[in-house]
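Shown next: my_file_28.txt, given as compact mmCIF, N, CA and C atoms.
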```txt
# COMPACT_ATOMS: atom_id res chain seq x y z
N MET A 1 -1.07 -6.66 -4.32
CA MET A 1 -1.53 -6.31 -3.01
C MET A 1 -1.46 -7.51 -2.06
N THR A 2 -0.54 -8.42 -2.33
CA THR A 2 -0.29 -9.51 -1.40
C THR A 2 1.12 -9.36 -0.87
N ASP A 3 1.51 -10.28 -0.03
CA ASP A 3 2.81 -10.15 0.60
C ASP A 3 3.91 -10.96 -0.05
N GLU A 4 3.72 -11.49 -1.21
CA GLU A 4 4.74 -12.30 -1.86
C GLU A 4 5.54 -11.48 -2.86
N PRO A 5 6.83 -11.24 -2.61
CA PRO A 5 7.61 -10.45 -3.53
C PRO A 5 7.91 -11.18 -4.83
N SER A 6 7.85 -12.48 -4.82
CA SER A 6 8.24 -13.24 -6.00
C SER A 6 7.14 -13.29 -7.06
N GLY A 7 5.94 -12.92 -6.70
CA GLY A 7 4.85 -12.97 -7.65
C GLY A 7 4.19 -14.34 -7.71
N SER A 8 4.52 -15.25 -6.80
CA SER A 8 3.94 -16.58 -6.85
C SER A 8 2.56 -16.66 -6.23
N ALA A 9 2.19 -15.73 -5.40
CA ALA A 9 0.88 -15.75 -4.76
C ALA A 9 -0.13 -15.02 -5.63
N PRO A 10 -1.41 -15.44 -5.55
CA PRO A 10 -2.42 -14.73 -6.32
C PRO A 10 -2.55 -13.29 -5.82
N VAL A 11 -2.80 -12.39 -6.75
CA VAL A 11 -2.92 -10.99 -6.42
C VAL A 11 -4.40 -10.62 -6.37
N PRO A 12 -4.88 -10.09 -5.23
CA PRO A 12 -6.29 -9.70 -5.16
C PRO A 12 -6.59 -8.60 -6.17
N GLN A 13 -7.78 -8.62 -6.70
CA GLN A 13 -8.21 -7.58 -7.62
C GLN A 13 -8.42 -6.29 -6.85
N PRO A 14 -8.09 -5.15 -7.44
CA PRO A 14 -8.31 -3.87 -6.76
C PRO A 14 -9.75 -3.67 -6.32
N ALA A 15 -10.70 -4.24 -7.05
CA ALA A 15 -12.11 -4.08 -6.69
C ALA A 15 -12.41 -4.66 -5.31
N LYS A 16 -11.68 -5.68 -4.90
CA LYS A 16 -11.90 -6.29 -3.59
C LYS A 16 -11.71 -5.27 -2.47
N ALA A 17 -10.80 -4.33 -2.67
CA ALA A 17 -10.55 -3.28 -1.67
C ALA A 17 -11.34 -2.02 -1.98
N GLY A 18 -12.26 -2.10 -2.93
CA GLY A 18 -13.06 -0.93 -3.28
C GLY A 18 -12.30 0.09 -4.09
N LEU A 19 -11.32 -0.35 -4.86
CA LEU A 19 -10.52 0.54 -5.69
C LEU A 19 -10.98 0.43 -7.14
N GLU A 20 -10.91 1.53 -7.85
CA GLU A 20 -11.28 1.57 -9.27
C GLU A 20 -10.00 1.55 -10.09
N SER A 21 -9.92 0.62 -11.03
CA SER A 21 -8.76 0.58 -11.93
C SER A 21 -8.80 1.79 -12.86
N VAL A 22 -7.64 2.39 -13.08
CA VAL A 22 -7.53 3.56 -13.95
C VAL A 22 -6.68 3.15 -15.15
N PRO A 23 -7.20 3.32 -16.36
CA PRO A 23 -6.45 2.86 -17.53
C PRO A 23 -5.20 3.68 -17.85
N GLN A 24 -5.02 4.80 -17.21
CA GLN A 24 -3.85 5.65 -17.45
C GLN A 24 -2.58 4.85 -17.18
N GLY A 25 -1.57 5.07 -17.98
CA GLY A 25 -0.31 4.35 -17.85
C GLY A 25 0.43 4.64 -16.55
N VAL A 26 1.43 3.82 -16.31
CA VAL A 26 2.28 3.94 -15.14
C VAL A 26 3.66 4.40 -15.60
N ALA A 27 4.27 5.29 -14.85
CA ALA A 27 5.58 5.84 -15.21
C ALA A 27 6.63 4.74 -15.34
N GLU A 28 7.62 4.99 -16.15
CA GLU A 28 8.75 4.07 -16.32
C GLU A 28 9.73 4.25 -15.14
N GLY A 29 10.51 3.23 -14.87
CA GLY A 29 11.59 3.33 -13.91
C GLY A 29 11.18 3.38 -12.45
N LEU A 30 9.98 2.90 -12.13
CA LEU A 30 9.53 2.88 -10.74
C LEU A 30 10.27 1.81 -9.95
N PRO A 31 10.38 1.98 -8.64
CA PRO A 31 10.93 0.89 -7.83
C PRO A 31 10.07 -0.36 -8.04
N SER A 32 10.70 -1.51 -8.09
CA SER A 32 9.96 -2.76 -8.29
C SER A 32 9.13 -3.07 -7.05
N TYR A 33 8.14 -3.96 -7.25
CA TYR A 33 7.35 -4.40 -6.10
C TYR A 33 8.26 -5.10 -5.08
N ALA A 34 9.23 -5.88 -5.56
CA ALA A 34 10.14 -6.57 -4.65
C ALA A 34 10.90 -5.56 -3.78
N ARG A 35 11.30 -4.44 -4.37
CA ARG A 35 12.01 -3.41 -3.60
C ARG A 35 11.06 -2.76 -2.59
N ALA A 36 9.83 -2.50 -2.98
CA ALA A 36 8.84 -1.93 -2.06
C ALA A 36 8.57 -2.90 -0.92
N PHE A 37 8.45 -4.18 -1.25
CA PHE A 37 8.24 -5.22 -0.24
C PHE A 37 9.36 -5.20 0.79
N LYS A 38 10.60 -5.15 0.31
CA LYS A 38 11.75 -5.14 1.22
C LYS A 38 11.80 -3.88 2.08
N ALA A 39 11.26 -2.77 1.56
CA ALA A 39 11.22 -1.53 2.35
C ALA A 39 10.22 -1.63 3.49
N VAL A 40 9.22 -2.49 3.32
CA VAL A 40 8.17 -2.64 4.33
C VAL A 40 8.48 -3.79 5.29
N VAL A 41 9.10 -4.84 4.77
CA VAL A 41 9.35 -6.04 5.57
C VAL A 41 10.84 -6.17 5.82
N ASN A 42 11.30 -5.59 6.90
CA ASN A 42 12.67 -5.79 7.36
C ASN A 42 12.73 -5.43 8.84
N VAL A 43 13.78 -5.87 9.51
CA VAL A 43 13.85 -5.71 10.96
C VAL A 43 13.95 -4.26 11.41
N GLU A 44 14.33 -3.36 10.52
CA GLU A 44 14.48 -1.96 10.89
C GLU A 44 13.20 -1.15 10.76
N VAL A 45 12.15 -1.75 10.22
CA VAL A 45 10.90 -1.02 9.99
C VAL A 45 10.19 -0.75 11.31
N ALA A 46 9.79 0.49 11.47
CA ALA A 46 8.98 0.89 12.62
C ALA A 46 7.69 1.48 12.06
N PRO A 47 6.54 1.04 12.57
CA PRO A 47 5.28 1.54 12.04
C PRO A 47 5.04 3.00 12.42
N GLN A 48 4.32 3.71 11.56
CA GLN A 48 3.88 5.07 11.88
C GLN A 48 2.70 5.02 12.84
N ALA A 49 1.92 3.95 12.76
CA ALA A 49 0.76 3.76 13.63
C ALA A 49 0.46 2.27 13.72
N THR A 50 -0.19 1.88 14.81
CA THR A 50 -0.61 0.49 14.97
C THR A 50 -2.05 0.47 15.50
N VAL A 51 -2.72 -0.64 15.19
CA VAL A 51 -4.07 -0.88 15.69
C VAL A 51 -4.12 -2.34 16.12
N ALA A 52 -4.55 -2.59 17.35
CA ALA A 52 -4.70 -3.97 17.81
C ALA A 52 -5.78 -4.65 16.98
N ARG A 53 -5.45 -5.80 16.40
CA ARG A 53 -6.41 -6.51 15.55
C ARG A 53 -7.63 -6.95 16.34
N SER A 54 -7.49 -7.10 17.65
CA SER A 54 -8.61 -7.55 18.48
C SER A 54 -9.52 -6.40 18.93
N ALA A 55 -9.12 -5.18 18.66
CA ALA A 55 -9.92 -4.02 19.08
C ALA A 55 -11.22 -3.93 18.28
N PRO A 56 -12.29 -3.47 18.93
CA PRO A 56 -13.54 -3.27 18.18
C PRO A 56 -13.30 -2.27 17.04
N GLY A 57 -13.79 -2.61 15.87
CA GLY A 57 -13.63 -1.71 14.72
C GLY A 57 -12.20 -1.59 14.22
N ALA A 58 -11.39 -2.61 14.46
CA ALA A 58 -9.96 -2.54 14.13
C ALA A 58 -9.71 -2.29 12.64
N THR A 59 -10.44 -2.97 11.77
CA THR A 59 -10.18 -2.79 10.34
C THR A 59 -10.55 -1.39 9.89
N ALA A 60 -11.67 -0.87 10.40
CA ALA A 60 -12.07 0.49 10.03
C ALA A 60 -11.04 1.50 10.53
N GLU A 61 -10.53 1.31 11.72
CA GLU A 61 -9.51 2.22 12.26
C GLU A 61 -8.20 2.09 11.47
N ALA A 62 -7.83 0.87 11.10
CA ALA A 62 -6.62 0.67 10.30
C ALA A 62 -6.77 1.36 8.94
N ASP A 63 -7.94 1.23 8.33
CA ASP A 63 -8.18 1.90 7.04
C ASP A 63 -8.12 3.42 7.20
N ARG A 64 -8.69 3.95 8.28
CA ARG A 64 -8.67 5.39 8.52
C ARG A 64 -7.25 5.90 8.69
N LEU A 65 -6.47 5.17 9.49
CA LEU A 65 -5.08 5.57 9.72
C LEU A 65 -4.24 5.44 8.45
N TRP A 66 -4.48 4.37 7.67
CA TRP A 66 -3.75 4.23 6.42
C TRP A 66 -4.03 5.45 5.53
N LEU A 67 -5.28 5.81 5.38
CA LEU A 67 -5.64 6.95 4.53
C LEU A 67 -5.00 8.24 5.05
N GLU A 68 -5.04 8.45 6.35
CA GLU A 68 -4.43 9.65 6.95
C GLU A 68 -2.93 9.72 6.64
N HIS A 69 -2.24 8.62 6.82
CA HIS A 69 -0.79 8.60 6.59
C HIS A 69 -0.45 8.62 5.10
N ALA A 70 -1.26 7.95 4.28
CA ALA A 70 -1.02 7.96 2.84
C ALA A 70 -1.19 9.38 2.28
N ARG A 71 -2.19 10.10 2.76
CA ARG A 71 -2.38 11.49 2.32
C ARG A 71 -1.23 12.37 2.83
N ALA A 72 -0.86 12.23 4.09
CA ALA A 72 0.21 13.04 4.66
C ALA A 72 1.54 12.80 3.94
N ALA A 73 1.78 11.58 3.49
CA ALA A 73 3.02 11.24 2.79
C ALA A 73 2.94 11.50 1.29
N ALA A 74 1.82 12.03 0.82
CA ALA A 74 1.60 12.32 -0.61
C ALA A 74 1.70 11.06 -1.48
N VAL A 75 1.19 9.96 -0.95
CA VAL A 75 1.12 8.72 -1.74
C VAL A 75 -0.08 8.80 -2.69
N ILE A 76 -1.13 9.48 -2.26
CA ILE A 76 -2.35 9.63 -3.05
C ILE A 76 -2.29 10.99 -3.74
N ASP A 77 -2.50 11.02 -5.06
CA ASP A 77 -2.41 12.28 -5.79
C ASP A 77 -3.71 13.08 -5.72
N ASP A 78 -3.76 14.20 -6.41
CA ASP A 78 -4.92 15.10 -6.39
C ASP A 78 -6.18 14.47 -6.97
N GLU A 79 -6.03 13.41 -7.74
CA GLU A 79 -7.18 12.73 -8.33
C GLU A 79 -7.54 11.47 -7.56
N ASP A 80 -7.03 11.33 -6.33
CA ASP A 80 -7.25 10.17 -5.46
C ASP A 80 -6.65 8.89 -6.04
N CYS A 81 -5.59 9.03 -6.84
CA CYS A 81 -4.96 7.87 -7.48
C CYS A 81 -3.63 7.52 -6.80
N PHE A 82 -3.30 6.24 -6.88
CA PHE A 82 -2.01 5.73 -6.41
C PHE A 82 -1.78 4.41 -7.12
N LEU A 83 -0.67 3.75 -6.84
CA LEU A 83 -0.31 2.50 -7.49
C LEU A 83 -0.39 1.34 -6.51
N VAL A 84 -0.83 0.19 -7.01
CA VAL A 84 -0.82 -1.05 -6.24
C VAL A 84 -0.24 -2.14 -7.13
N ARG A 85 0.07 -3.25 -6.54
CA ARG A 85 0.62 -4.37 -7.30
C ARG A 85 -0.40 -4.88 -8.30
N GLY A 86 0.05 -5.12 -9.50
CA GLY A 86 -0.82 -5.65 -10.54
C GLY A 86 -0.68 -7.15 -10.68
N ALA A 87 -1.64 -7.77 -11.29
CA ALA A 87 -1.63 -9.23 -11.46
C ALA A 87 -0.54 -9.67 -12.43
N ASP A 88 -0.26 -8.85 -13.46
CA ASP A 88 0.70 -9.27 -14.48
C ASP A 88 1.89 -8.33 -14.59
N ARG A 89 2.01 -7.38 -13.68
CA ARG A 89 3.15 -6.47 -13.66
C ARG A 89 3.27 -5.87 -12.26
N ASP A 90 4.39 -5.19 -12.01
CA ASP A 90 4.61 -4.67 -10.67
C ASP A 90 3.52 -3.72 -10.20
N TRP A 91 3.17 -2.72 -11.01
CA TRP A 91 2.27 -1.67 -10.54
C TRP A 91 1.15 -1.36 -11.53
N VAL A 92 -0.03 -1.08 -10.99
CA VAL A 92 -1.16 -0.58 -11.76
C VAL A 92 -1.72 0.63 -11.03
N ARG A 93 -2.30 1.54 -11.78
CA ARG A 93 -2.89 2.75 -11.21
C ARG A 93 -4.34 2.47 -10.81
N VAL A 94 -4.68 2.90 -9.60
CA VAL A 94 -6.04 2.76 -9.08
C VAL A 94 -6.49 4.09 -8.48
N ARG A 95 -7.80 4.20 -8.28
CA ARG A 95 -8.38 5.40 -7.67
C ARG A 95 -9.23 4.97 -6.47
N ARG A 96 -9.13 5.74 -5.40
CA ARG A 96 -9.99 5.53 -4.24
C ARG A 96 -11.44 5.79 -4.63
N THR A 97 -12.34 5.09 -4.01
CA THR A 97 -13.78 5.30 -4.18
C THR A 97 -14.38 5.51 -2.79
N PRO A 98 -15.65 5.85 -2.71
CA PRO A 98 -16.27 5.97 -1.40
C PRO A 98 -16.29 4.64 -0.62
N HIS A 99 -16.05 3.54 -1.32
CA HIS A 99 -16.10 2.22 -0.69
C HIS A 99 -14.72 1.62 -0.45
N THR A 100 -13.66 2.40 -0.62
CA THR A 100 -12.32 1.87 -0.46
C THR A 100 -12.06 1.45 0.99
N ALA A 101 -11.59 0.23 1.15
CA ALA A 101 -11.15 -0.32 2.43
C ALA A 101 -9.96 -1.21 2.12
N LEU A 102 -8.77 -0.67 2.27
CA LEU A 102 -7.57 -1.42 1.92
C LEU A 102 -7.47 -2.71 2.74
N SER A 103 -8.01 -2.70 3.93
CA SER A 103 -7.96 -3.90 4.78
C SER A 103 -8.67 -5.09 4.14
N ALA A 104 -9.60 -4.85 3.22
CA ALA A 104 -10.30 -5.95 2.55
C ALA A 104 -9.36 -6.77 1.68
N ALA A 105 -8.20 -6.21 1.33
CA ALA A 105 -7.22 -6.94 0.51
C ALA A 105 -6.34 -7.85 1.36
N LEU A 106 -6.40 -7.71 2.68
CA LEU A 106 -5.57 -8.54 3.55
C LEU A 106 -6.21 -9.90 3.76
N VAL A 107 -5.38 -10.91 3.89
CA VAL A 107 -5.84 -12.26 4.19
C VAL A 107 -5.65 -12.45 5.69
N PRO A 108 -6.74 -12.47 6.47
CA PRO A 108 -6.62 -12.55 7.94
C PRO A 108 -5.76 -13.72 8.40
N GLY A 109 -4.88 -13.43 9.33
CA GLY A 109 -4.03 -14.46 9.91
C GLY A 109 -2.87 -14.90 9.06
N ALA A 110 -2.67 -14.26 7.90
CA ALA A 110 -1.61 -14.70 6.99
C ALA A 110 -0.41 -13.77 6.99
N GLY A 111 -0.42 -12.73 7.82
CA GLY A 111 0.69 -11.78 7.82
C GLY A 111 0.76 -11.03 6.51
N SER A 112 -0.38 -10.77 5.90
CA SER A 112 -0.40 -10.16 4.58
C SER A 112 -0.27 -8.64 4.65
N MET A 113 -0.17 -8.03 3.47
CA MET A 113 -0.01 -6.59 3.40
C MET A 113 -0.59 -6.06 2.10
N ALA A 114 -0.89 -4.78 2.13
CA ALA A 114 -1.29 -4.05 0.92
C ALA A 114 -0.37 -2.84 0.84
N ILE A 115 0.37 -2.75 -0.25
CA ILE A 115 1.32 -1.65 -0.44
C ILE A 115 0.77 -0.70 -1.49
N ALA A 116 0.70 0.57 -1.14
CA ALA A 116 0.30 1.62 -2.07
C ALA A 116 1.51 2.51 -2.31
N MET A 117 1.80 2.79 -3.59
CA MET A 117 2.93 3.65 -3.93
C MET A 117 2.44 4.88 -4.67
N SER A 118 3.11 6.00 -4.44
CA SER A 118 2.77 7.23 -5.13
C SER A 118 3.00 7.04 -6.63
N PRO A 119 2.22 7.72 -7.47
CA PRO A 119 2.39 7.56 -8.92
C PRO A 119 3.79 7.89 -9.43
N ASP A 120 4.54 8.72 -8.69
CA ASP A 120 5.91 9.04 -9.12
C ASP A 120 6.95 8.08 -8.55
N GLY A 121 6.53 7.12 -7.74
CA GLY A 121 7.43 6.12 -7.20
C GLY A 121 8.34 6.60 -6.09
N ARG A 122 8.04 7.73 -5.49
CA ARG A 122 8.92 8.27 -4.44
C ARG A 122 8.54 7.84 -3.02
N ARG A 123 7.27 7.47 -2.82
CA ARG A 123 6.79 7.18 -1.48
C ARG A 123 5.85 5.99 -1.51
N LEU A 124 5.75 5.32 -0.38
CA LEU A 124 4.75 4.27 -0.24
C LEU A 124 4.14 4.33 1.15
N CYS A 125 2.96 3.78 1.24
CA CYS A 125 2.27 3.63 2.53
C CYS A 125 1.62 2.26 2.48
N ALA A 126 1.97 1.43 3.44
CA ALA A 126 1.48 0.05 3.47
C ALA A 126 0.63 -0.18 4.70
N LEU A 127 -0.33 -1.07 4.54
CA LEU A 127 -1.13 -1.59 5.64
C LEU A 127 -0.74 -3.05 5.77
N THR A 128 -0.16 -3.42 6.91
CA THR A 128 0.31 -4.79 7.09
C THR A 128 -0.32 -5.41 8.32
N GLU A 129 -0.34 -6.71 8.32
CA GLU A 129 -0.80 -7.48 9.46
C GLU A 129 0.45 -8.06 10.13
N GLU A 130 0.72 -7.60 11.33
CA GLU A 130 1.92 -8.03 12.07
C GLU A 130 1.50 -8.60 13.42
N ASP A 131 1.65 -9.91 13.59
CA ASP A 131 1.26 -10.58 14.83
C ASP A 131 -0.16 -10.19 15.22
N ASP A 132 -0.30 -9.43 16.32
CA ASP A 132 -1.63 -9.08 16.83
C ASP A 132 -2.09 -7.69 16.42
N ASP A 133 -1.34 -7.04 15.54
CA ASP A 133 -1.65 -5.66 15.18
C ASP A 133 -1.73 -5.47 13.67
N TYR A 134 -2.36 -4.36 13.30
CA TYR A 134 -2.22 -3.81 11.95
C TYR A 134 -1.17 -2.71 12.07
N TRP A 135 -0.27 -2.66 11.11
CA TRP A 135 0.75 -1.61 11.08
C TRP A 135 0.52 -0.73 9.86
N ILE A 136 0.75 0.55 10.05
CA ILE A 136 0.81 1.50 8.95
C ILE A 136 2.29 1.84 8.79
N VAL A 137 2.85 1.55 7.62
CA VAL A 137 4.27 1.77 7.35
C VAL A 137 4.40 2.77 6.21
N VAL A 138 5.21 3.79 6.42
CA VAL A 138 5.48 4.79 5.39
C VAL A 138 6.96 4.72 5.06
N HIS A 139 7.26 4.80 3.76
CA HIS A 139 8.67 4.75 3.33
C HIS A 139 8.88 5.75 2.20
N HIS A 140 10.02 6.42 2.22
CA HIS A 140 10.42 7.33 1.15
C HIS A 140 11.63 6.72 0.46
N PHE A 141 11.59 6.63 -0.86
CA PHE A 141 12.73 6.15 -1.63
C PHE A 141 13.65 7.33 -1.84
N GLU A 142 14.70 7.39 -1.06
CA GLU A 142 15.63 8.54 -1.06
C GLU A 142 16.35 8.72 -2.39
N ASP A 143 16.51 7.63 -3.15
CA ASP A 143 17.28 7.73 -4.39
C ASP A 143 16.42 8.13 -5.60
N ARG A 144 15.15 8.37 -5.40
CA ARG A 144 14.27 8.78 -6.50
C ARG A 144 14.40 10.29 -6.69
N PRO A 145 14.57 10.77 -7.91
CA PRO A 145 14.70 12.21 -8.15
C PRO A 145 13.41 12.95 -7.82
N VAL A 146 13.55 14.18 -7.37
CA VAL A 146 12.39 15.00 -7.00
C VAL A 146 11.81 15.68 -8.21
```
Rewrite the coordinates I just gave you, this time as structure tokens.
Amino acid sequence: MTDEPSGSAPVPQPAKAGLESVPQGVAEGLPSYARAFKAVVNVEVAPQATVARSAPGATAEADRLWLEHARAAAVIDDEDCFLVRGADRDWVRVRRTPHTALSAALVPGAGSMAIAMSPDGRRLCALTEEDDDYWIVVHHFEDRPV
């Protein structure tokens, strides 16, 4: 849940964002975190929504919009589960809780991001810090089988 594709940066624990780790396994053959990172960070990316970081309640609004777009894109399954970057592997399964705030995983002023991927690896929804805004980015991996 950091912005380093190489794995050199420390990875925040899911609990920091109010996520519950789920011991259930992760599917084989998912897009790598590096591939997900590149889908979110490139010059062609256009956000689905933005929130000015200086706005009152900006993090709460960014979290609300992330959840709205993640649900609409089917990134979150029927059990409120999705995948995030793991400390020792690309993806781990987590579950939303009443205290989930993905923005808590961001490092203010560092241009950081939190990428959530659907358990089947077909879609992602990211919350990123871009200059003066929070961006909500949605991406579909077109080459993933349905």
Open item on the list: Could you list, as a PyMOL selection string, every residue within 8 Å of A:Gln24, counting only N, CA and C atoms and ignoring same-chain residues fewer than 3 positions away?
Closed with: chain A and resi 21+27+92-94
Which residues are near stretch 101-103 of chain A? Cut-off 6 Å, all atoms listed in the file, ignore same chain within fewer than 2 positions. Put them as a short mmCIF file (atom, residue, chain, number, x, y, z; two decimals) with N, CA and C atoms, in the coordinates of the input.
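Heads up, here's the output in out_10.cif:
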```cif
data_model
loop_
_atom_site.label_atom_id
_atom_site.label_comp_id
_atom_site.auth_asym_id
_atom_site.auth_seq_id
_atom_site.Cartn_x
_atom_site.Cartn_y
_atom_site.Cartn_z
N ALA A 17 -10.80 -4.33 -2.67
CA ALA A 17 -10.55 -3.28 -1.67
C ALA A 17 -11.34 -2.02 -1.98
N GLY A 18 -12.26 -2.10 -2.93
CA GLY A 18 -13.06 -0.93 -3.28
C GLY A 18 -12.30 0.09 -4.09
N ASP A 63 -7.94 1.23 8.33
CA ASP A 63 -8.18 1.90 7.04
C ASP A 63 -8.12 3.42 7.20
N HIS A 99 -16.05 3.54 -1.32
CA HIS A 99 -16.10 2.22 -0.69
C HIS A 99 -14.72 1.62 -0.45
N ALA A 105 -8.20 -6.21 1.33
CA ALA A 105 -7.22 -6.94 0.51
C ALA A 105 -6.34 -7.85 1.36
N LEU A 106 -6.40 -7.71 2.68
CA LEU A 106 -5.57 -8.54 3.55
C LEU A 106 -6.21 -9.90 3.76
#
```
Open item on the list: For a test of reading the model, state the distance in Å between atom CA of A:Leu124 and atom CA of A:Ala62, rounded to one decimal.
Closed with: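 We find that atom CA of A:Leu124 and atom CA of A:Ala62 lie 15.9 Å from each other.
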Open item on the list: From a backbone DSSP assignment, name each residue in stretch 16-111 of chain A labelled alpha helix (DSSP H), as an MDAnalysis selection string.
Closed with: chainID A and resid 33:40 58:72
- [ ] Can you pull out every residue within 7 Å of A:Leu83, counting all atoms listed in the file, but drop anything in the same chain fewer than 2 positions away, and send it as a ChimeraX atom specification?
- [x] /A:75,81,85,91-94,115-119
Counting only N, CA and C atoms, which residues in stretch 62-120 of chain A sit no more than 8 Å from stretch 47-56 of chain A? For each one, give the nearest pair of atoms and the distance in Å, sorted by chain then residue number, as JSON lines.
```
{"residue": "A:Ala62", "atom": "CA", "partner": "A:Val51", "partner_atom": "CA", "distance": 6.2}
{"residue": "A:Leu65", "atom": "CA", "partner": "A:Ala49", "partner_atom": "CA", "distance": 7.3}
{"residue": "A:Trp66", "atom": "N", "partner": "A:Ala49", "partner_atom": "CA", "distance": 8.0}
{"residue": "A:His69", "atom": "CA", "partner": "A:Gln48", "partner_atom": "CA", "distance": 7.9}
```
Draw an axis-aligned box tight on the listed atoms of stretch 82-85 of chain A, then pad every side by 6 Å and write out centre and edge lengths in Å to one decimal as JSON.
```
{"center_x": -1.3, "center_y": 0.7, "center_z": -7.3, "size_x": 15.9, "size_y": 23.1, "size_z": 14.1}
```
Return stretch 65-71 of chain A, completed with all heavy atoms, as a compact mmCIF listing (two decimals), in the coordinates of the input.
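See out28.txt below for the written result:
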```txt
# COMPACT_ATOMS: atom_id res chain seq x y z
N LEU A 65 -6.47 5.17 9.49
CA LEU A 65 -5.08 5.57 9.72
C LEU A 65 -4.24 5.44 8.45
O LEU A 65 -3.38 6.28 8.18
CB LEU A 65 -4.46 4.76 10.86
CG LEU A 65 -4.94 5.13 12.25
CD1 LEU A 65 -4.49 4.09 13.26
CD2 LEU A 65 -4.45 6.51 12.63
N TRP A 66 -4.48 4.37 7.67
CA TRP A 66 -3.75 4.23 6.42
C TRP A 66 -4.03 5.45 5.53
O TRP A 66 -3.10 6.04 4.99
CB TRP A 66 -4.14 2.94 5.68
CG TRP A 66 -3.51 2.92 4.34
CD1 TRP A 66 -2.24 2.54 4.04
CD2 TRP A 66 -4.07 3.40 3.11
NE1 TRP A 66 -1.98 2.73 2.70
CE2 TRP A 66 -3.10 3.26 2.12
CE3 TRP A 66 -5.31 3.92 2.77
CZ2 TRP A 66 -3.32 3.63 0.79
CZ3 TRP A 66 -5.54 4.29 1.45
CH2 TRP A 66 -4.55 4.13 0.48
N LEU A 67 -5.28 5.81 5.38
CA LEU A 67 -5.64 6.95 4.53
C LEU A 67 -5.00 8.24 5.05
O LEU A 67 -4.44 9.02 4.27
CB LEU A 67 -7.15 7.11 4.45
CG LEU A 67 -7.66 8.26 3.59
CD1 LEU A 67 -7.16 8.16 2.15
CD2 LEU A 67 -9.19 8.32 3.65
N GLU A 68 -5.04 8.45 6.35
CA GLU A 68 -4.43 9.65 6.95
C GLU A 68 -2.93 9.72 6.64
O GLU A 68 -2.42 10.76 6.20
CB GLU A 68 -4.66 9.62 8.46
CG GLU A 68 -4.04 10.75 9.23
CD GLU A 68 -4.29 10.59 10.72
OE1 GLU A 68 -5.46 10.47 11.13
OE2 GLU A 68 -3.29 10.55 11.48
N HIS A 69 -2.24 8.62 6.82
CA HIS A 69 -0.79 8.60 6.59
C HIS A 69 -0.45 8.62 5.10
O HIS A 69 0.54 9.24 4.70
CB HIS A 69 -0.15 7.41 7.30
CG HIS A 69 -0.07 7.60 8.78
ND1 HIS A 69 0.94 8.30 9.38
CD2 HIS A 69 -0.90 7.21 9.77
CE1 HIS A 69 0.74 8.33 10.69
NE2 HIS A 69 -0.37 7.67 10.94
N ALA A 70 -1.26 7.95 4.28
CA ALA A 70 -1.02 7.96 2.84
C ALA A 70 -1.19 9.38 2.28
O ALA A 70 -0.41 9.82 1.45
CB ALA A 70 -1.96 6.99 2.13
N ARG A 71 -2.19 10.10 2.76
CA ARG A 71 -2.38 11.49 2.32
C ARG A 71 -1.23 12.37 2.83
O ARG A 71 -0.70 13.18 2.07
CB ARG A 71 -3.71 12.03 2.81
CG ARG A 71 -4.89 11.48 2.04
CD ARG A 71 -6.06 12.43 2.11
NE ARG A 71 -7.27 11.89 1.55
CZ ARG A 71 -7.53 11.82 0.26
NH1 ARG A 71 -6.65 12.24 -0.62
NH2 ARG A 71 -8.68 11.33 -0.17
```
